[in-house]
Amino acid sequence: DGGITQSPKYLFRKEGQNVTLSCEQNLNHDAMYWYRQDPGQGLRLIYYSQIVNDFQKGDIAEGYSVSREKKESFPLTVTSAQKNPTAFYLCASSPRLARRNTGELFFGEGSRLTVL
Amino acid sequence: AQSVTQLGSHVSVSEGALVLLRCNYSSSVPPYLFWYVQYPNQGLQLLLKYTSAATLVKGINGFEAEFKKSETSFHLTKPSAHMSDAAEYFCAVQGGKLIFGQGTELSVKP
């Protein structure tokens with residue numbers, strides 16, 4: 001089945017460690033996104049990518065990094081510079097990124113990161 | 001700039017009662033509007049979307065929403081709540097990127 005796969009689903013990290021969250025899609029979508037979700041704050045955009053080898057900062061990019069070496073993959077690294085990394089992270093994709101497209105996103109099931 | 005405001009972070013209804021989740025938007029251009037649902041520890045799933053066709057939009061699981069330009073609203077309704085409707089619901093507006101509201105958690109009492 002086509003979809004978005006995020007791994008791991010749960011992850012624990014010690015303070016000061018970097019951690020990488022995986023996101024893979026087989027929908028042949030051009031655009032991919034990373035969101036952070038905290039209780040009562042909705043979804044906040046971290047990074048997005050329109051095409052391979054190109055990505056843009058979202059609203060809360062500080063302390064995060066991404067890469068887009070393949071169309072199917074958009075991993076997110078939470079670095080030790082992220083001051084409050086405990087959150088639920090969601091990866092999404094869409095056929096393309098355009099200002100007036102229909103905007104529907106397809107989401108993975110999320111990764112919950114807890115910093116100990 | 002586009003934005004959405006969801007009124008009420010938590011709504012509780014009895015099984016069989018009407019569900020009404022409120023969303024107001026702000027947009028300088030005709031908006032594309034969406035409702036998504038999220039079950040615990042899962043990703044978001046599209047319920048329905050408005051893209052300037054019919055103002056009454058029907059979605060999955062018996063939900064519908066009405067676009068009212070004069071009220072800048074896009075409220076989500078369902079005539080009769082079911083226990084399986086308990087989830088968090090997000091309103092979103094397309095503004096170059098998808099902008100989400102803060103979410104409304106729906107509880108359904110037996």
# chains A, B, ... in the order shown; residues from 1 in each chain; ligands from 1
>>> select_by_dssp(residues="region 3-103 of chain A", states="strand (DSSP E)", output="short mmCIF file (atom, residue, chain, number, x, y, z; two decimals) with all heavy atoms, in the first residue's frame")
data_model
loop_
_atom_site.label_atom_id
_atom_site.label_comp_id
_atom_site.auth_asym_id
_atom_site.auth_seq_id
_atom_site.Cartn_x
_atom_site.Cartn_y
_atom_site.Cartn_z
N ILE A 4 3.14 6.78 3.95
CA ILE A 4 4.31 7.38 4.59
C ILE A 4 4.66 6.57 5.82
O ILE A 4 3.78 6.29 6.65
CB ILE A 4 4.03 8.83 4.99
CG1 ILE A 4 3.68 9.65 3.75
CG2 ILE A 4 5.23 9.43 5.71
CD1 ILE A 4 3.32 11.08 4.04
N THR A 5 5.92 6.21 5.93
CA THR A 5 6.38 5.41 7.05
C THR A 5 7.36 6.22 7.88
O THR A 5 8.37 6.71 7.35
CB THR A 5 7.07 4.12 6.56
OG1 THR A 5 6.13 3.37 5.77
CG2 THR A 5 7.52 3.28 7.75
N GLN A 6 7.05 6.36 9.15
CA GLN A 6 7.96 7.03 10.08
C GLN A 6 8.51 6.00 11.06
O GLN A 6 7.80 5.13 11.51
CB GLN A 6 7.23 8.11 10.87
CG GLN A 6 6.84 9.32 10.06
CD GLN A 6 6.28 10.42 10.94
OE1 GLN A 6 5.14 10.86 10.79
NE2 GLN A 6 7.10 10.90 11.87
N SER A 7 9.79 6.17 11.37
CA SER A 7 10.40 5.31 12.38
C SER A 7 11.49 6.06 13.11
O SER A 7 12.12 6.97 12.54
CB SER A 7 10.96 4.04 11.73
OG SER A 7 12.00 4.36 10.83
N TYR A 10 8.56 5.32 18.84
CA TYR A 10 8.93 5.89 20.14
C TYR A 10 10.45 5.93 20.24
O TYR A 10 11.12 4.97 19.84
CB TYR A 10 8.37 5.05 21.29
CG TYR A 10 6.87 4.98 21.31
CD1 TYR A 10 6.20 3.91 20.72
CD2 TYR A 10 6.11 5.98 21.90
CE1 TYR A 10 4.82 3.83 20.73
CE2 TYR A 10 4.73 5.92 21.91
CZ TYR A 10 4.09 4.85 21.32
OH TYR A 10 2.72 4.79 21.32
N LEU A 11 10.96 7.00 20.80
CA LEU A 11 12.40 7.16 20.90
C LEU A 11 12.74 7.92 22.18
O LEU A 11 12.11 8.94 22.49
CB LEU A 11 12.93 7.93 19.69
CG LEU A 11 14.44 8.09 19.55
CD1 LEU A 11 15.12 6.74 19.42
CD2 LEU A 11 14.75 8.94 18.33
N PHE A 12 13.73 7.42 22.88
CA PHE A 12 14.21 8.08 24.08
C PHE A 12 15.64 8.53 23.86
O PHE A 12 16.43 7.82 23.27
CB PHE A 12 14.13 7.13 25.28
CG PHE A 12 12.73 6.70 25.58
CD1 PHE A 12 12.19 5.58 24.97
CD2 PHE A 12 11.94 7.43 26.45
CE1 PHE A 12 10.89 5.18 25.23
CE2 PHE A 12 10.64 7.04 26.73
CZ PHE A 12 10.11 5.92 26.11
N ARG A 13 15.95 9.71 24.36
CA ARG A 13 17.28 10.28 24.12
C ARG A 13 17.76 10.95 25.39
O ARG A 13 16.96 11.53 26.13
CB ARG A 13 17.17 11.30 22.99
CG ARG A 13 18.47 12.00 22.65
CD ARG A 13 18.20 13.21 21.78
NE ARG A 13 18.33 14.46 22.51
CZ ARG A 13 18.25 15.65 21.96
NH1 ARG A 13 18.02 15.76 20.66
NH2 ARG A 13 18.37 16.74 22.67
N VAL A 19 19.57 12.97 17.50
CA VAL A 19 18.76 11.81 17.12
C VAL A 19 18.15 12.08 15.76
O VAL A 19 17.79 13.22 15.45
CB VAL A 19 17.67 11.52 18.17
CG1 VAL A 19 16.72 12.68 18.30
CG2 VAL A 19 16.93 10.25 17.83
N THR A 20 18.07 11.05 14.93
CA THR A 20 17.50 11.19 13.59
C THR A 20 16.22 10.39 13.47
O THR A 20 16.18 9.20 13.81
CB THR A 20 18.51 10.74 12.53
OG1 THR A 20 19.65 11.60 12.58
CG2 THR A 20 17.90 10.83 11.13
N LEU A 21 15.19 11.06 12.99
CA LEU A 21 13.89 10.44 12.75
C LEU A 21 13.76 10.19 11.25
O LEU A 21 14.02 11.07 10.43
CB LEU A 21 12.76 11.35 13.22
CG LEU A 21 12.87 11.84 14.66
CD1 LEU A 21 11.69 12.75 15.00
CD2 LEU A 21 12.95 10.68 15.63
N SER A 22 13.31 8.99 10.93
CA SER A 22 13.20 8.60 9.53
C SER A 22 11.81 8.86 8.99
O SER A 22 10.81 8.69 9.69
CB SER A 22 13.54 7.11 9.40
OG SER A 22 13.24 6.63 8.11
N CYS A 23 11.73 9.26 7.71
CA CYS A 23 10.47 9.42 7.02
C CYS A 23 10.65 8.97 5.58
O CYS A 23 11.49 9.52 4.86
CB CYS A 23 9.99 10.87 7.06
SG CYS A 23 8.46 11.13 6.15
N GLU A 24 9.87 7.98 5.18
CA GLU A 24 9.93 7.44 3.82
C GLU A 24 8.53 7.43 3.23
O GLU A 24 7.58 7.05 3.89
CB GLU A 24 10.47 6.01 3.84
CG GLU A 24 11.83 5.84 4.48
CD GLU A 24 12.96 6.15 3.53
OE1 GLU A 24 12.77 6.01 2.31
OE2 GLU A 24 14.04 6.54 4.01
N GLN A 25 8.42 7.85 1.94
CA GLN A 25 7.12 7.80 1.28
C GLN A 25 7.24 7.11 -0.08
O GLN A 25 8.25 7.25 -0.76
CB GLN A 25 6.53 9.22 1.12
CG GLN A 25 7.41 10.23 0.40
CD GLN A 25 7.07 10.48 -1.04
OE1 GLN A 25 6.17 9.84 -1.63
NE2 GLN A 25 7.78 11.42 -1.66
N ALA A 31 6.72 17.02 -2.64
CA ALA A 31 6.91 17.83 -1.44
C ALA A 31 6.82 16.98 -0.18
O ALA A 31 5.97 16.10 -0.06
CB ALA A 31 5.87 18.94 -1.39
N MET A 32 7.68 17.29 0.78
CA MET A 32 7.65 16.62 2.08
C MET A 32 7.84 17.66 3.18
O MET A 32 8.44 18.71 2.96
CB MET A 32 8.73 15.54 2.15
CG MET A 32 8.51 14.42 1.15
SD MET A 32 9.64 13.03 1.35
CE MET A 32 8.97 12.24 2.82
N TYR A 33 7.32 17.32 4.37
CA TYR A 33 7.25 18.28 5.47
C TYR A 33 7.55 17.58 6.79
O TYR A 33 7.25 16.41 6.96
CB TYR A 33 5.84 18.87 5.58
CG TYR A 33 5.23 19.35 4.30
CD1 TYR A 33 4.69 18.45 3.38
CD2 TYR A 33 5.16 20.71 4.00
CE1 TYR A 33 4.12 18.88 2.20
CE2 TYR A 33 4.57 21.15 2.82
CZ TYR A 33 4.05 20.23 1.92
OH TYR A 33 3.47 20.67 0.76
N TRP A 34 8.06 18.36 7.74
CA TRP A 34 8.14 17.92 9.12
C TRP A 34 7.42 18.91 10.01
O TRP A 34 7.65 20.13 9.91
CB TRP A 34 9.60 17.81 9.59
CG TRP A 34 10.23 16.51 9.25
CD1 TRP A 34 11.14 16.25 8.27
CD2 TRP A 34 10.03 15.26 9.93
NE1 TRP A 34 11.49 14.93 8.28
CE2 TRP A 34 10.83 14.29 9.30
CE3 TRP A 34 9.24 14.86 11.02
CZ2 TRP A 34 10.88 12.96 9.70
CZ3 TRP A 34 9.28 13.54 11.42
CH2 TRP A 34 10.09 12.60 10.76
N TYR A 35 6.54 18.37 10.87
CA TYR A 35 5.82 19.16 11.84
C TYR A 35 6.15 18.68 13.25
O TYR A 35 6.39 17.50 13.47
CB TYR A 35 4.31 19.04 11.65
CG TYR A 35 3.77 19.77 10.45
CD1 TYR A 35 3.68 19.15 9.21
CD2 TYR A 35 3.31 21.08 10.57
CE1 TYR A 35 3.17 19.81 8.11
CE2 TYR A 35 2.79 21.75 9.47
CZ TYR A 35 2.73 21.10 8.24
OH TYR A 35 2.21 21.77 7.16
N ARG A 36 6.06 19.62 14.16
CA ARG A 36 6.17 19.29 15.58
C ARG A 36 4.82 19.55 16.21
O ARG A 36 4.16 20.57 15.93
CB ARG A 36 7.24 20.15 16.23
CG ARG A 36 7.29 20.04 17.74
CD ARG A 36 8.35 20.89 18.35
NE ARG A 36 8.19 20.91 19.81
CZ ARG A 36 9.19 20.86 20.66
NH1 ARG A 36 10.45 20.82 20.23
NH2 ARG A 36 8.95 20.87 21.96
N GLN A 37 4.38 18.62 17.07
CA GLN A 37 3.10 18.78 17.75
C GLN A 37 3.30 18.74 19.25
O GLN A 37 3.88 17.80 19.79
CB GLN A 37 2.13 17.67 17.33
CG GLN A 37 0.74 17.85 17.90
CD GLN A 37 -0.23 16.79 17.43
OE1 GLN A 37 0.16 15.75 16.91
NE2 GLN A 37 -1.50 17.05 17.60
N LEU A 43 -0.06 22.11 15.16
CA LEU A 43 1.12 21.64 14.44
C LEU A 43 1.95 22.84 13.99
O LEU A 43 1.42 23.79 13.43
CB LEU A 43 0.70 20.84 13.20
CG LEU A 43 0.34 19.37 13.42
CD1 LEU A 43 -0.96 19.22 14.16
CD2 LEU A 43 0.27 18.66 12.07
N ARG A 44 3.24 22.75 14.23
CA ARG A 44 4.15 23.82 13.80
C ARG A 44 5.16 23.25 12.81
O ARG A 44 5.76 22.21 13.05
CB ARG A 44 4.85 24.42 15.03
CG ARG A 44 3.90 25.18 15.94
CD ARG A 44 4.64 25.79 17.12
NE ARG A 44 5.11 24.79 18.06
CZ ARG A 44 5.94 25.04 19.06
NH1 ARG A 44 6.44 26.26 19.22
NH2 ARG A 44 6.31 24.08 19.89
N LEU A 45 5.35 23.99 11.73
CA LEU A 45 6.19 23.53 10.64
C LEU A 45 7.67 23.72 10.96
O LEU A 45 8.10 24.83 11.28
CB LEU A 45 5.82 24.29 9.36
CG LEU A 45 6.53 23.87 8.08
CD1 LEU A 45 6.22 22.43 7.72
CD2 LEU A 45 6.15 24.82 6.95
N ILE A 46 8.44 22.65 10.82
CA ILE A 46 9.87 22.70 11.11
C ILE A 46 10.66 22.97 9.83
O ILE A 46 11.42 23.93 9.73
CB ILE A 46 10.36 21.39 11.76
CG1 ILE A 46 9.55 21.06 13.01
CG2 ILE A 46 11.85 21.49 12.11
CD1 ILE A 46 9.86 19.69 13.59
N TYR A 47 10.52 22.07 8.86
CA TYR A 47 11.19 22.18 7.57
C TYR A 47 10.26 21.61 6.51
O TYR A 47 9.40 20.78 6.80
CB TYR A 47 12.49 21.36 7.55
CG TYR A 47 13.74 22.09 7.95
CD1 TYR A 47 14.24 21.97 9.24
CD2 TYR A 47 14.44 22.88 7.04
CE1 TYR A 47 15.40 22.64 9.62
CE2 TYR A 47 15.61 23.54 7.40
CZ TYR A 47 16.08 23.41 8.70
OH TYR A 47 17.23 24.06 9.08
N TYR A 48 10.48 22.04 5.26
CA TYR A 48 9.79 21.42 4.15
C TYR A 48 10.72 21.38 2.94
O TYR A 48 11.69 22.14 2.86
CB TYR A 48 8.47 22.12 3.82
CG TYR A 48 8.59 23.56 3.39
CD1 TYR A 48 8.60 23.91 2.04
CD2 TYR A 48 8.64 24.58 4.33
CE1 TYR A 48 8.68 25.23 1.66
CE2 TYR A 48 8.73 25.90 3.95
CZ TYR A 48 8.73 26.23 2.62
OH TYR A 48 8.81 27.54 2.24
N SER A 49 10.37 20.50 2.02
CA SER A 49 11.20 20.31 0.84
C SER A 49 10.29 20.15 -0.38
O SER A 49 9.33 19.39 -0.35
CB SER A 49 12.06 19.06 1.00
OG SER A 49 12.68 18.70 -0.22
N GLN A 50 10.61 20.87 -1.43
CA GLN A 50 9.82 20.81 -2.66
C GLN A 50 10.40 19.83 -3.66
O GLN A 50 9.69 19.36 -4.57
CB GLN A 50 9.75 22.18 -3.31
CG GLN A 50 9.15 23.24 -2.42
CD GLN A 50 9.08 24.59 -3.13
OE1 GLN A 50 8.36 24.73 -4.11
NE2 GLN A 50 9.84 25.56 -2.66
N ILE A 51 11.71 19.57 -3.53
CA ILE A 51 12.39 18.78 -4.55
C ILE A 51 13.67 18.23 -3.95
O ILE A 51 14.18 18.75 -2.94
CB ILE A 51 12.68 19.65 -5.79
CG1 ILE A 51 13.02 18.80 -7.01
CG2 ILE A 51 13.75 20.67 -5.48
CD1 ILE A 51 13.06 19.61 -8.30
N ASP A 54 16.82 20.13 -2.07
CA ASP A 54 16.37 21.48 -1.72
C ASP A 54 15.42 21.39 -0.54
O ASP A 54 14.54 20.54 -0.51
CB ASP A 54 15.66 22.14 -2.91
CG ASP A 54 15.20 23.54 -2.56
OD1 ASP A 54 16.06 24.43 -2.38
OD2 ASP A 54 13.98 23.74 -2.43
N PHE A 55 15.58 22.28 0.44
CA PHE A 55 14.66 22.33 1.56
C PHE A 55 14.67 23.74 2.14
O PHE A 55 15.61 24.51 1.94
CB PHE A 55 15.01 21.29 2.63
CG PHE A 55 16.46 21.23 3.01
CD1 PHE A 55 16.99 22.10 3.94
CD2 PHE A 55 17.30 20.27 2.45
CE1 PHE A 55 18.33 22.04 4.30
CE2 PHE A 55 18.64 20.20 2.80
CZ PHE A 55 19.16 21.09 3.72
N GLN A 56 13.58 24.05 2.83
CA GLN A 56 13.39 25.39 3.37
C GLN A 56 13.03 25.32 4.85
O GLN A 56 12.35 24.39 5.28
CB GLN A 56 12.25 26.11 2.63
CG GLN A 56 12.39 26.13 1.12
CD GLN A 56 13.59 26.93 0.66
OE1 GLN A 56 13.95 27.91 1.30
NE2 GLN A 56 14.20 26.51 -0.44
N LYS A 57 13.45 26.32 5.59
CA LYS A 57 13.08 26.40 7.00
C LYS A 57 11.61 26.75 7.14
O LYS A 57 11.08 27.56 6.38
CB LYS A 57 13.93 27.46 7.71
CG LYS A 57 15.40 27.10 7.83
CD LYS A 57 16.15 28.19 8.59
CE LYS A 57 17.61 27.80 8.74
NZ LYS A 57 18.38 28.84 9.48
N TYR A 64 17.13 21.98 14.56
CA TYR A 64 16.79 20.84 13.70
C TYR A 64 17.58 20.94 12.40
O TYR A 64 17.98 22.01 11.98
CB TYR A 64 15.30 20.84 13.36
CG TYR A 64 14.37 20.74 14.53
CD1 TYR A 64 13.79 21.87 15.09
CD2 TYR A 64 14.05 19.49 15.08
CE1 TYR A 64 12.92 21.77 16.17
CE2 TYR A 64 13.19 19.39 16.15
CZ TYR A 64 12.63 20.54 16.69
OH TYR A 64 11.77 20.44 17.76
N SER A 65 17.78 19.78 11.75
CA SER A 65 18.36 19.77 10.42
C SER A 65 17.70 18.66 9.62
O SER A 65 17.17 17.69 10.19
CB SER A 65 19.87 19.58 10.46
OG SER A 65 20.20 18.30 10.97
N VAL A 66 17.72 18.81 8.30
CA VAL A 66 17.11 17.82 7.41
C VAL A 66 18.01 17.61 6.20
O VAL A 66 18.95 18.37 5.96
CB VAL A 66 15.72 18.26 6.91
CG1 VAL A 66 14.71 18.30 8.04
CG2 VAL A 66 15.80 19.60 6.19
N LEU A 76 14.80 13.75 9.57
CA LEU A 76 14.92 14.91 10.45
C LEU A 76 15.89 14.58 11.58
O LEU A 76 15.71 13.57 12.25
CB LEU A 76 13.56 15.27 11.04
CG LEU A 76 13.53 16.37 12.10
CD1 LEU A 76 13.73 17.74 11.47
CD2 LEU A 76 12.22 16.33 12.89
N THR A 77 16.87 15.44 11.79
CA THR A 77 17.78 15.29 12.92
C THR A 77 17.45 16.34 13.96
O THR A 77 17.40 17.54 13.66
CB THR A 77 19.25 15.41 12.49
OG1 THR A 77 19.55 14.34 11.59
CG2 THR A 77 20.17 15.32 13.69
N VAL A 78 17.20 15.87 15.16
CA VAL A 78 16.98 16.75 16.30
C VAL A 78 18.34 16.88 16.99
O VAL A 78 18.87 15.90 17.52
CB VAL A 78 15.93 16.18 17.26
CG1 VAL A 78 15.64 17.16 18.39
CG2 VAL A 78 14.66 15.82 16.50
N ALA A 87 8.58 15.89 22.16
CA ALA A 87 7.39 16.24 21.38
C ALA A 87 7.02 15.06 20.49
O ALA A 87 7.72 14.06 20.43
CB ALA A 87 7.65 17.47 20.51
N PHE A 88 5.90 15.24 19.81
CA PHE A 88 5.43 14.28 18.80
C PHE A 88 5.76 14.89 17.44
O PHE A 88 5.41 16.03 17.17
CB PHE A 88 3.92 14.08 18.97
CG PHE A 88 3.34 12.95 18.18
CD1 PHE A 88 3.87 11.68 18.28
CD2 PHE A 88 2.25 13.16 17.36
CE1 PHE A 88 3.32 10.62 17.57
CE2 PHE A 88 1.68 12.11 16.64
CZ PHE A 88 2.22 10.84 16.74
N TYR A 89 6.48 14.14 16.61
CA TYR A 89 6.92 14.66 15.32
C TYR A 89 6.17 13.95 14.20
O TYR A 89 6.11 12.72 14.15
CB TYR A 89 8.43 14.45 15.17
CG TYR A 89 9.24 15.31 16.10
CD1 TYR A 89 9.56 14.87 17.39
CD2 TYR A 89 9.64 16.59 15.72
CE1 TYR A 89 10.27 15.68 18.26
CE2 TYR A 89 10.36 17.40 16.59
CZ TYR A 89 10.67 16.94 17.85
OH TYR A 89 11.36 17.74 18.72
N LEU A 90 5.66 14.74 13.29
CA LEU A 90 4.88 14.22 12.18
C LEU A 90 5.52 14.59 10.85
O LEU A 90 5.87 15.75 10.62
CB LEU A 90 3.46 14.79 12.22
CG LEU A 90 2.56 14.23 13.32
CD1 LEU A 90 1.39 15.15 13.58
CD2 LEU A 90 2.07 12.84 12.93
N CYS A 91 5.63 13.60 10.00
CA CYS A 91 6.10 13.80 8.64
C CYS A 91 4.90 13.75 7.70
O CYS A 91 3.94 13.01 7.94
CB CYS A 91 7.11 12.71 8.27
SG CYS A 91 7.80 12.83 6.61
N ALA A 92 4.93 14.55 6.66
CA ALA A 92 3.82 14.58 5.71
C ALA A 92 4.36 14.79 4.30
O ALA A 92 5.51 15.20 4.11
CB ALA A 92 2.85 15.71 6.07
N SER A 93 3.52 14.52 3.33
CA SER A 93 3.89 14.76 1.94
C SER A 93 2.69 15.24 1.16
O SER A 93 1.53 15.09 1.59
CB SER A 93 4.47 13.50 1.30
OG SER A 93 3.45 12.54 1.08
N SER A 94 2.95 15.85 0.01
CA SER A 94 1.90 16.27 -0.91
C SER A 94 2.44 16.17 -2.32
O SER A 94 3.65 16.21 -2.52
CB SER A 94 1.41 17.68 -0.60
OG SER A 94 2.43 18.63 -0.77
#
>>> closest_atom_pairs(of="chain B", to="chain A", cutoff="6 Å", atoms="only C-alpha atoms", output="tab-separated table")
residue	atom	partner	partner_atom	distance
B:Gln42	CA	A:Glu109	CA	4.5
B:Gly43	CA	A:Glu109	CA	4.1
B:Leu44	CA	A:Phe107	CA	5.8
B:Gln94	CA	A:Gly103	CA	6.0
B:Gly96	CA	A:Arg99	CA	4.1
B:Gly101	CA	A:Gly42	CA	5.9
B:Gln102	CA	A:Gly42	CA	3.9
B:Gly103	CA	A:Gly42	CA	5.6
>>> residues_around(residues="region 19-36 of chain B", least_positions_apart="2", cutoff="7 Å", atoms="only C-alpha atoms", output="number ranges by chain")
A: 102; B: 1-7, 13, 17, 38, 44-51, 72-81, 89-94
>>> atom_distance(atom1="CA of Val37 (chain B)", atom2="CA of Pro8 (chain A)")
22.1 Å
>>> atom_distance(atom1="CA of Val11 (chain B)", atom2="CA of Leu106 (chain B)")
4.9 Å
>>> residues_around(residues="His82 (chain B)", least_positions_apart="5", cutoff="7 Å", atoms="only C-alpha atoms", output="ChimeraX atom specification")
/B:15-16,108
>>> atom_distance(atom1="CA of Glu64 (chain B)", atom2="CA of Ser14 (chain B)")
18.7 Å
>>> residues_around(residues="Val52 (chain A)", least_positions_apart="5", cutoff="6 Å", atoms="only C-alpha atoms", output="list in words")
Arg68, Glu69, Lys70 and Lys71 of chain A
>>> write_last_selection(atoms="N, CA and C atoms", output="PDB file, in the first residue's frame")
ATOM      1  N   ARG A  68      17.512  15.936   1.915  1.00  0.00           N
ATOM      2  CA  ARG A  68      16.601  15.362   0.926  1.00  0.00           C
ATOM      3  C   ARG A  68      17.444  14.867  -0.250  1.00  0.00           C
ATOM      4  N   GLU A  69      18.103  13.750  -0.012  1.00  0.00           N
ATOM      5  CA  GLU A  69      18.985  13.168  -1.028  1.00  0.00           C
ATOM      6  C   GLU A  69      18.226  12.302  -2.017  1.00  0.00           C
ATOM      7  N   LYS A  70      17.072  11.809  -1.585  1.00  0.00           N
ATOM      8  CA  LYS A  70      16.223  10.987  -2.461  1.00  0.00           C
ATOM      9  C   LYS A  70      14.804  11.520  -2.376  1.00  0.00           C
ATOM     10  N   LYS A  71      14.050  11.345  -3.426  1.00  0.00           N
ATOM     11  CA  LYS A  71      12.675  11.832  -3.447  1.00  0.00           C
ATOM     12  C   LYS A  71      11.848  11.178  -2.352  1.00  0.00           C
TER      13      LYS A  71
END
